[in-house]
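Novice: Handing over query.cif, mmCIF, C-alpha atoms.
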data_work
loop_
_atom_site.label_atom_id
_atom_site.label_comp_id
_atom_site.auth_asym_id
_atom_site.auth_seq_id
_atom_site.Cartn_x
_atom_site.Cartn_y
_atom_site.Cartn_z
CA MET A 143 -32.86 -6.98 -61.06
CA LYS A 144 -30.35 -7.72 -58.49
CA GLY A 145 -31.04 -5.68 -55.44
CA LEU A 146 -28.58 -3.67 -53.56
CA LYS A 147 -28.20 -4.84 -50.05
CA ALA A 148 -27.07 -2.20 -47.69
CA THR A 149 -25.99 -2.59 -44.14
CA PHE A 150 -26.09 0.31 -41.81
CA LEU A 151 -23.99 0.32 -38.76
CA ARG A 152 -24.99 2.70 -36.09
CA LEU A 153 -23.62 3.33 -32.70
CA ILE A 154 -26.38 3.45 -30.17
CA GLY A 155 -26.03 5.19 -26.88
CA ALA A 156 -24.62 8.36 -25.52
CA ALA A 157 -21.25 9.53 -26.63
CA PRO A 158 -18.58 8.62 -24.10
CA GLU A 159 -17.88 11.31 -21.60
CA PRO A 160 -14.42 12.79 -21.69
CA ALA A 161 -12.06 11.04 -19.31
CA GLN A 162 -11.38 12.66 -15.99
CA PHE A 163 -8.47 12.04 -13.69
CA ILE A 164 -8.41 12.41 -9.95
CA TYR A 165 -5.67 13.54 -7.60
CA LEU A 166 -5.55 13.67 -3.81
CA GLU A 167 -3.43 15.92 -1.69
CA GLU A 168 -0.74 13.92 0.09
CA LEU A 169 -0.79 15.84 3.35
CA PRO A 170 -3.18 18.50 4.61
CA HIS A 171 -2.59 21.76 2.74
CA VAL A 172 0.89 21.02 1.48
CA GLY A 173 -0.27 21.52 -2.11
CA ARG A 174 1.26 18.29 -3.30
CA PHE A 175 -1.23 16.10 -5.09
CA LYS A 176 -0.84 12.45 -5.92
CA TYR A 177 -2.49 10.80 -8.89
CA ARG A 178 -5.14 8.29 -7.86
CA GLY A 179 -6.48 7.11 -11.19
CA LYS A 180 -9.03 7.58 -13.89
CA VAL A 181 -12.55 8.34 -12.73
CA GLU A 182 -14.87 5.43 -13.43
CA LYS A 183 -18.63 5.18 -13.42
CA ARG A 184 -18.89 3.86 -9.90
CA ASP A 185 -16.71 6.61 -8.47
CA ASP A 186 -18.11 9.63 -6.68
CA PRO A 187 -15.60 12.48 -7.03
CA ALA A 188 -17.83 15.07 -5.34
CA GLY A 189 -18.57 12.80 -2.36
CA PHE A 190 -14.92 11.80 -2.24
CA ALA A 191 -13.90 15.46 -2.07
CA ARG A 192 -16.36 16.09 0.78
CA MET A 193 -15.05 13.13 2.77
CA MET A 194 -11.43 14.07 2.21
CA ALA A 195 -12.14 17.69 3.17
CA LYS A 196 -13.13 16.42 6.62
CA HIS A 197 -9.54 15.23 6.95
CA GLY A 198 -8.12 18.49 5.63
CA LEU A 199 -7.19 16.98 2.28
CA ARG A 200 -8.08 18.47 -1.08
CA VAL A 201 -9.09 16.71 -4.26
CA ILE A 202 -8.45 17.76 -7.82
CA VAL A 203 -10.44 16.42 -10.74
CA ALA A 204 -8.65 17.25 -13.98
CA ASP A 205 -9.71 16.79 -17.57
CA THR A 206 -6.18 15.98 -18.56
CA PHE A 207 -3.74 13.45 -17.28
CA ARG A 208 -1.01 15.45 -15.67
CA GLY A 209 1.60 12.86 -14.96
CA LEU A 210 2.17 10.55 -12.08
CA GLU A 211 2.59 13.29 -9.57
CA ILE A 212 1.86 16.99 -9.63
CA THR A 213 2.58 19.90 -7.39
CA ASP A 214 -0.01 22.57 -7.77
CA ALA A 215 -1.14 24.49 -4.71
CA ASN A 216 -3.26 26.83 -6.81
CA ALA A 217 -5.08 24.19 -8.77
CA LYS A 218 -8.84 24.21 -8.78
CA VAL A 219 -9.96 21.93 -5.98
CA GLY A 220 -13.11 19.87 -5.95
CA MET B 69 -5.52 9.20 7.64
CA ALA B 70 -8.77 8.40 9.27
CA GLY B 71 -11.41 6.53 7.40
CA PHE B 72 -15.14 7.03 7.45
CA ILE B 73 -18.42 5.21 7.83
CA PRO B 74 -20.35 5.40 4.56
CA ASP B 75 -24.11 5.90 4.42
CA GLU B 76 -24.59 2.14 4.12
CA GLY B 77 -22.65 1.55 7.33
CA GLU B 78 -24.70 4.17 9.15
CA GLN B 79 -27.90 2.52 8.00
CA LEU B 80 -26.61 -0.84 9.20
CA ARG B 81 -25.84 0.60 12.62
CA ALA B 82 -29.32 2.08 12.84
CA ASN B 83 -30.91 -1.23 11.92
CA VAL B 84 -28.85 -3.18 14.45
CA LEU B 85 -29.29 -0.72 17.31
CA ALA B 86 -32.75 0.67 16.80
CA LYS B 87 -34.50 -2.23 15.13
CA ARG B 88 -32.33 -5.07 16.40
CA THR B 89 -32.19 -6.35 12.85
CA HIS B 90 -29.13 -8.51 12.33
CA VAL B 91 -29.92 -10.08 8.99
CA ASP B 92 -27.11 -8.11 7.35
CA ARG B 93 -24.78 -8.50 10.31
CA ASP B 94 -23.85 -12.12 10.71
CA ALA B 95 -20.88 -13.18 12.78
CA ASP B 96 -17.50 -11.68 11.93
CA PHE B 97 -16.37 -9.07 9.44
CA ASP B 98 -14.42 -9.16 6.20
CA LEU B 99 -11.30 -7.06 5.79
CA GLY B 100 -10.54 -6.26 2.17
CA LEU B 101 -8.64 -3.99 -0.17
CA PHE B 102 -10.37 -1.79 -2.73
CA THR B 103 -9.38 -0.27 -6.04
CA ASN B 104 -12.10 2.38 -6.38
CA VAL B 105 -10.45 5.66 -7.25
CA ALA B 106 -12.87 8.00 -5.51
CA PRO B 107 -15.17 6.43 -2.92
CA GLY B 108 -17.54 8.98 -1.38
CA GLU B 109 -20.04 8.64 1.42
CA THR B 110 -22.48 6.93 -0.93
CA ILE B 111 -20.12 4.02 -1.63
CA THR B 112 -21.76 0.65 -1.02
CA HIS B 113 -20.50 -2.89 -0.74
CA ALA B 114 -22.01 -3.63 -4.13
CA ALA B 115 -20.05 -0.80 -5.70
CA LEU B 116 -16.69 -1.85 -4.30
CA THR B 117 -14.03 -3.03 -6.68
CA GLU B 118 -11.25 -5.25 -5.34
CA PRO B 119 -7.92 -6.47 -6.64
CA THR B 120 -7.93 -9.71 -8.56
CA GLY B 121 -5.36 -12.42 -9.12
CA GLY B 122 -2.23 -13.10 -7.11
CA GLY B 123 -4.19 -15.09 -4.55
CA TYR B 124 -6.10 -12.03 -3.31
CA ALA B 125 -8.68 -12.94 -0.69
CA ARG B 126 -10.44 -11.06 2.05
CA ILE B 127 -9.36 -11.68 5.64
CA THR B 128 -11.91 -12.64 8.27
CA LEU B 129 -11.98 -10.50 11.41
CA THR B 130 -13.61 -12.54 14.14
CA ASP B 131 -15.91 -10.71 16.51
CA ALA B 132 -14.31 -12.06 19.69
CA SER B 133 -10.84 -10.89 18.68
CA TRP B 134 -11.61 -7.17 18.87
CA SER B 135 -10.26 -5.33 21.87
CA VAL B 136 -12.48 -2.51 23.10
CA VAL B 137 -11.05 0.04 25.52
CA ALA B 138 -12.58 3.45 26.16
CA GLY B 139 -14.37 3.67 22.83
CA VAL B 140 -11.43 2.42 20.80
CA HIS B 141 -11.93 -0.83 18.92
CA SER B 142 -8.63 -2.47 18.04
CA TYR B 143 -7.68 -5.56 16.12
CA ALA B 144 -4.34 -7.26 15.61
CA LEU B 145 -2.26 -6.43 12.58
CA GLN B 146 -3.35 -8.17 9.38
CA THR B 147 -1.22 -8.71 6.31
CA PHE B 148 -2.16 -9.14 2.67
CA THR B 149 0.62 -10.74 0.64
CA ALA B 150 0.43 -10.79 -3.14
CA GLY B 151 1.12 -14.23 -4.57
CA ALA B 152 2.28 -15.32 -7.99
CA GLY B 153 1.74 -12.64 -10.61
CA GLY B 154 0.76 -10.02 -8.05
CA TYR B 155 -2.61 -8.29 -7.71
CA THR B 156 -4.30 -6.68 -10.67
CA GLY B 157 -5.49 -3.16 -9.92
CA SER B 158 -4.02 -0.42 -7.80
CA VAL B 159 -4.85 -0.62 -4.10
CA GLN B 160 -6.42 2.63 -2.94
CA GLY B 161 -7.16 1.62 0.63
CA TYR B 162 -9.00 -0.91 2.75
CA PHE B 163 -12.50 -1.59 3.99
CA ILE B 164 -14.40 -3.59 6.56
CA ALA B 165 -17.68 -5.21 5.55
CA THR B 166 -20.19 -7.62 7.01
CA LYS B 167 -20.06 -11.24 5.90
CA SER B 168 -23.78 -11.69 6.05
CA ALA B 169 -24.36 -15.17 4.72
CA GLY B 170 -28.12 -14.81 5.08
CA GLY B 171 -28.65 -11.19 4.13
CA THR B 172 -26.87 -8.49 2.16
CA LYS B 173 -23.23 -7.69 2.69
CA ARG B 174 -22.81 -4.12 3.93
CA LEU B 175 -19.88 -1.78 3.90
CA VAL B 176 -19.17 -0.80 7.50
CA TYR B 177 -16.01 1.23 7.25
CA ILE B 178 -13.63 2.38 4.55
CA GLU B 179 -10.32 4.18 4.61
CA VAL B 180 -8.60 5.80 1.66
CA ASP B 181 -4.85 5.40 1.91
CA ALA B 182 -3.57 8.91 1.32
CA SER B 183 -0.14 7.52 0.50
CA GLY B 184 -1.54 5.20 -2.15
CA PRO B 185 -2.33 3.93 -4.62
CA TYR B 186 -0.09 0.91 -4.43
CA THR B 187 0.81 -1.65 -7.03
CA MET B 188 0.99 -5.04 -5.37
CA ASN B 189 3.56 -7.03 -7.26
CA GLU B 190 4.38 -10.60 -6.28
CA ASN B 191 5.50 -10.85 -2.64
CA ALA B 192 4.42 -7.27 -1.89
CA THR B 193 2.68 -6.91 1.46
CA TYR B 194 0.01 -4.52 2.70
CA LYS B 195 -0.35 -4.39 6.48
CA ILE B 196 -3.35 -3.07 8.33
CA THR B 197 -4.03 -2.70 12.03
CA PRO B 198 -7.79 -2.09 12.26
CA ASN B 199 -8.47 0.56 14.82
CA ASN B 200 -11.82 2.33 15.12
CA THR B 201 -12.34 5.25 17.47
CA GLU B 202 -15.83 6.49 18.25
CA THR B 203 -15.91 10.27 17.96
#
Would you give me this structure, written as structure tokens?
Specialist:
Amino acid sequence: MKGLKATFLRLIGAAPEPAQFIYLEELPHVGRFKYRGKVEKRDDPAGFARMMAKHGLRVIVADTFRGLEITDANAKVG
Amino acid sequence: MAGFIPDEGEQLRANVLAKRTHVDRDADFDLGLFTNVAPGETITHAALTEPTGGGYARITLTDASWSVVAGVHSYALQTFTAGAGGYTGSVQGYFIATKSAGGTKRLVYIEVDASGPYTMNENATYKITPNNTET
């Protein structure tokens, strides 16, 4: 009898994490945030936020891409 | 905006000053541009990402060319100019690292450009006047 040859394809590894996007305030406490880019593995958003806070600048990490430039003084800051 | 010394740079300083270990601090520094979106205090030389293409190359900062007055270390203005095709990757700021031919290259100083990121198309220039103040 001719056998049935089956091939199973399986994705191995963790499901990709949802993309995050990072913004940095342009000037201290003006509430105008500029898009920096998509967060990659070697980035450190929390450490980045701490370092920027020392200069009076706030960081936003958003789950959605919000355009090239946003103005959002009340946004959740990291 | 002021930059900062990452953990790796602090460790290097400790090794040079306290242990007089210079294996990671050969002569001269490298000045480079980075494309990392969010470098925190844990950023290392190994984790840096730099532009590619367009003739991008680090600039050597020679030790003897620094001017040191009252705790302020200054260096003459340096210019990166993107060549044919421009740089690939958005420039987020600049860094200074050891050259360390015999040891491990270390990240000494990094500054995020709050006005960035910049796209370096052909003939675009990015000018930096290195200036470190001990605080």
Novice: For chain A, which residue among B:Thr197, B:Ser183, B:Gln79, B:Thr89 is the nearest when counting all atoms listed in the file?
Specialist: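 Smallest separation from chain A among the options: B:Ser183.
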Novice: List every residue of chain B that has an atom at most 8 Å from any atom of chain A, and for each one report the closest atom pair and its distance in Å to one decimal, counting all atoms listed in the file, with rows sorted by chain and then by increasing residue number, as a Markdown table.
Specialist:
| residue | atom | partner | partner_atom | distance |
| --- | --- | --- | --- | --- |
| B:Met69 | CA | A:His197 | CA | 7.3 |
| B:Ala70 | CA | A:His197 | CA | 7.3 |
| B:Phe72 | CA | A:Met193 | CA | 7.7 |
| B:Asn104 | CA | A:Asp185 | CA | 6.6 |
| B:Val105 | CA | A:Gly179 | CA | 5.8 |
| B:Ala106 | CA | A:Asp185 | CA | 5.0 |
| B:Pro107 | CA | A:Phe190 | CA | 5.4 |
| B:Gly108 | CA | A:Phe190 | CA | 3.9 |
| B:Glu109 | CA | A:Gly189 | CA | 5.8 |
| B:Thr110 | CA | A:Gly189 | CA | 7.2 |
| B:Ile111 | CA | A:Asp186 | CA | 7.8 |
| B:Ala115 | CA | A:Arg184 | CA | 6.4 |
| B:Gln160 | CA | A:Arg178 | CA | 7.6 |
| B:Ala182 | CA | A:Glu168 | CA | 5.9 |
| B:Ser183 | CA | A:Glu168 | CA | 6.4 |
| B:Gly184 | CA | A:Arg178 | CA | 7.4 |
| B:Pro185 | CA | A:Arg178 | CA | 6.1 |
Novice: Go ahead and compute the interatomic distance for CA of Ser133 in chain B and CA of Lys87 in chain B, in Å to one decimal.
Specialist: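 Answer for the CA of Ser133 in chain B to CA of Lys87 in chain B separation: 25.4 Å.
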Novice: Name every residue that the PyMOL selection byres ((chain A and resi 206) around 7) selects in this structure, writing the answer as JSON, numbers by chain with chains first and numbers rising.
Specialist: {"A": [162, 163, 204, 205, 207, 208]}
Novice: Can you tell me how far CA of Glu118 in chain B sits from CA of Ile202 in chain A, in Å to one decimal?
Specialist: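 Interatomic distance, CA of Glu118 in chain B to CA of Ile202 in chain A: 23.3 Å.
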Novice: Written as a list of chain:residue names, which residues does the PyMOL selection byres ((chain B and resi 132) around 10) give for the file shown?
Specialist: B:Ala95, B:Asp96, B:Leu129, B:Thr130, B:Asp131, B:Ser133, B:Trp134, B:Ser135, B:Tyr143
Novice: Given the PyMOL selection byres ((chain B and resi 77) around 10) and the file above, list the residues it selects as a list of chain:residue names.
Specialist: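 So the PyMOL selection byres ((chain B and resi 77) around 10), applied here, picks out B:Phe72, B:Ile73, B:Pro74, B:Asp75, B:Glu76, B:Glu78, B:Gln79, B:Leu80, B:Arg81, B:Ala82, B:Asn83, B:Glu109, B:Thr110, B:Ile111, B:Thr112, B:His113, B:Ile164, B:Ala165, B:Thr166, B:Arg174, B:Leu175, B:Val176, B:Tyr177, B:Ile178.
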Novice: Enter the distance from CA of Asp92 in chain B to CA of Ala169 in chain B, in Å, rounded to one decimal.
Specialist: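 These atoms are spaced 8.0 Å apart.
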Novice: Mind completing range 106-142 of chain B with N, CA and C atoms? Output as a compact mmCIF listing (two decimals), in the coordinates of the input, please?
Specialist:
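Dumped everything to selection11.txt:
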# COMPACT_ATOMS: atom_id res chain seq x y z
N ALA B 106 -12.30 6.89 -6.28
CA ALA B 106 -12.87 8.00 -5.51
C ALA B 106 -14.13 7.57 -4.78
N PRO B 107 -13.99 6.83 -3.67
CA PRO B 107 -15.17 6.43 -2.92
C PRO B 107 -15.68 7.57 -2.04
N GLY B 108 -16.92 7.94 -2.22
CA GLY B 108 -17.54 8.98 -1.38
C GLY B 108 -18.42 8.34 -0.34
N GLU B 109 -19.21 9.17 0.35
CA GLU B 109 -20.04 8.64 1.42
C GLU B 109 -21.14 7.72 0.93
N THR B 110 -21.42 7.77 -0.38
CA THR B 110 -22.48 6.93 -0.93
C THR B 110 -21.96 5.56 -1.38
N ILE B 111 -20.69 5.31 -1.19
CA ILE B 111 -20.12 4.02 -1.63
C ILE B 111 -20.82 2.87 -0.88
N THR B 112 -21.11 1.82 -1.61
CA THR B 112 -21.76 0.65 -1.02
C THR B 112 -20.89 -0.59 -1.25
N HIS B 113 -21.23 -1.64 -0.54
CA HIS B 113 -20.50 -2.89 -0.74
C HIS B 113 -20.62 -3.35 -2.19
N ALA B 114 -21.79 -3.18 -2.75
CA ALA B 114 -22.01 -3.63 -4.13
C ALA B 114 -21.16 -2.85 -5.13
N ALA B 115 -20.80 -1.64 -4.77
CA ALA B 115 -20.05 -0.80 -5.70
C ALA B 115 -18.53 -0.93 -5.52
N LEU B 116 -18.13 -1.69 -4.53
CA LEU B 116 -16.69 -1.85 -4.30
C LEU B 116 -16.04 -2.62 -5.43
N THR B 117 -14.84 -2.22 -5.77
CA THR B 117 -14.03 -3.03 -6.68
C THR B 117 -12.78 -3.45 -5.91
N GLU B 118 -12.38 -4.69 -6.08
CA GLU B 118 -11.25 -5.25 -5.34
C GLU B 118 -10.18 -5.75 -6.29
N PRO B 119 -8.96 -5.90 -5.80
CA PRO B 119 -7.92 -6.47 -6.64
C PRO B 119 -8.32 -7.88 -7.06
N THR B 120 -7.71 -8.34 -8.13
CA THR B 120 -7.93 -9.71 -8.56
C THR B 120 -6.57 -10.37 -8.77
N GLY B 121 -6.58 -11.68 -8.84
CA GLY B 121 -5.36 -12.42 -9.12
C GLY B 121 -4.39 -12.40 -7.96
N GLY B 122 -3.28 -13.10 -8.13
CA GLY B 122 -2.23 -13.10 -7.11
C GLY B 122 -2.67 -13.67 -5.78
N GLY B 123 -3.73 -14.48 -5.79
CA GLY B 123 -4.19 -15.09 -4.55
C GLY B 123 -4.91 -14.12 -3.63
N TYR B 124 -5.40 -12.99 -4.18
CA TYR B 124 -6.10 -12.03 -3.31
C TYR B 124 -7.33 -12.67 -2.68
N ALA B 125 -7.48 -12.48 -1.40
CA ALA B 125 -8.68 -12.94 -0.69
C ALA B 125 -8.89 -12.06 0.53
N ARG B 126 -10.14 -11.82 0.84
CA ARG B 126 -10.44 -11.06 2.05
C ARG B 126 -9.98 -11.83 3.29
N ILE B 127 -9.77 -11.08 4.37
CA ILE B 127 -9.36 -11.68 5.64
C ILE B 127 -10.54 -11.57 6.61
N THR B 128 -10.82 -12.65 7.30
CA THR B 128 -11.91 -12.64 8.27
C THR B 128 -11.44 -12.02 9.59
N LEU B 129 -12.22 -11.08 10.09
CA LEU B 129 -11.98 -10.50 11.41
C LEU B 129 -13.05 -11.07 12.35
N THR B 130 -12.63 -11.89 13.27
CA THR B 130 -13.61 -12.54 14.14
C THR B 130 -14.06 -11.59 15.24
N ASP B 131 -15.33 -11.65 15.55
CA ASP B 131 -15.91 -10.71 16.51
C ASP B 131 -15.20 -10.73 17.86
N ALA B 132 -14.88 -11.93 18.34
CA ALA B 132 -14.31 -12.06 19.69
C ALA B 132 -12.88 -11.54 19.78
N SER B 133 -12.26 -11.28 18.65
CA SER B 133 -10.84 -10.89 18.68
C SER B 133 -10.63 -9.37 18.74
N TRP B 134 -11.74 -8.62 18.73
CA TRP B 134 -11.61 -7.17 18.87
C TRP B 134 -11.34 -6.82 20.33
N SER B 135 -10.49 -5.86 20.53
CA SER B 135 -10.26 -5.33 21.87
C SER B 135 -10.97 -3.97 21.94
N VAL B 136 -11.75 -3.77 22.98
CA VAL B 136 -12.48 -2.51 23.10
C VAL B 136 -12.11 -1.85 24.42
N VAL B 137 -11.46 -0.71 24.33
CA VAL B 137 -11.05 0.04 25.52
C VAL B 137 -11.40 1.51 25.31
N ALA B 138 -12.24 2.02 26.17
CA ALA B 138 -12.58 3.45 26.16
C ALA B 138 -12.97 3.95 24.76
N GLY B 139 -13.86 3.22 24.12
CA GLY B 139 -14.37 3.67 22.83
C GLY B 139 -13.47 3.40 21.66
N VAL B 140 -12.34 2.74 21.90
CA VAL B 140 -11.43 2.42 20.80
C VAL B 140 -11.49 0.92 20.54
N HIS B 141 -11.84 0.57 19.32
CA HIS B 141 -11.93 -0.83 18.92
C HIS B 141 -10.67 -1.17 18.15
N SER B 142 -9.91 -2.12 18.66
CA SER B 142 -8.63 -2.47 18.04
C SER B 142 -8.59 -3.93 17.64
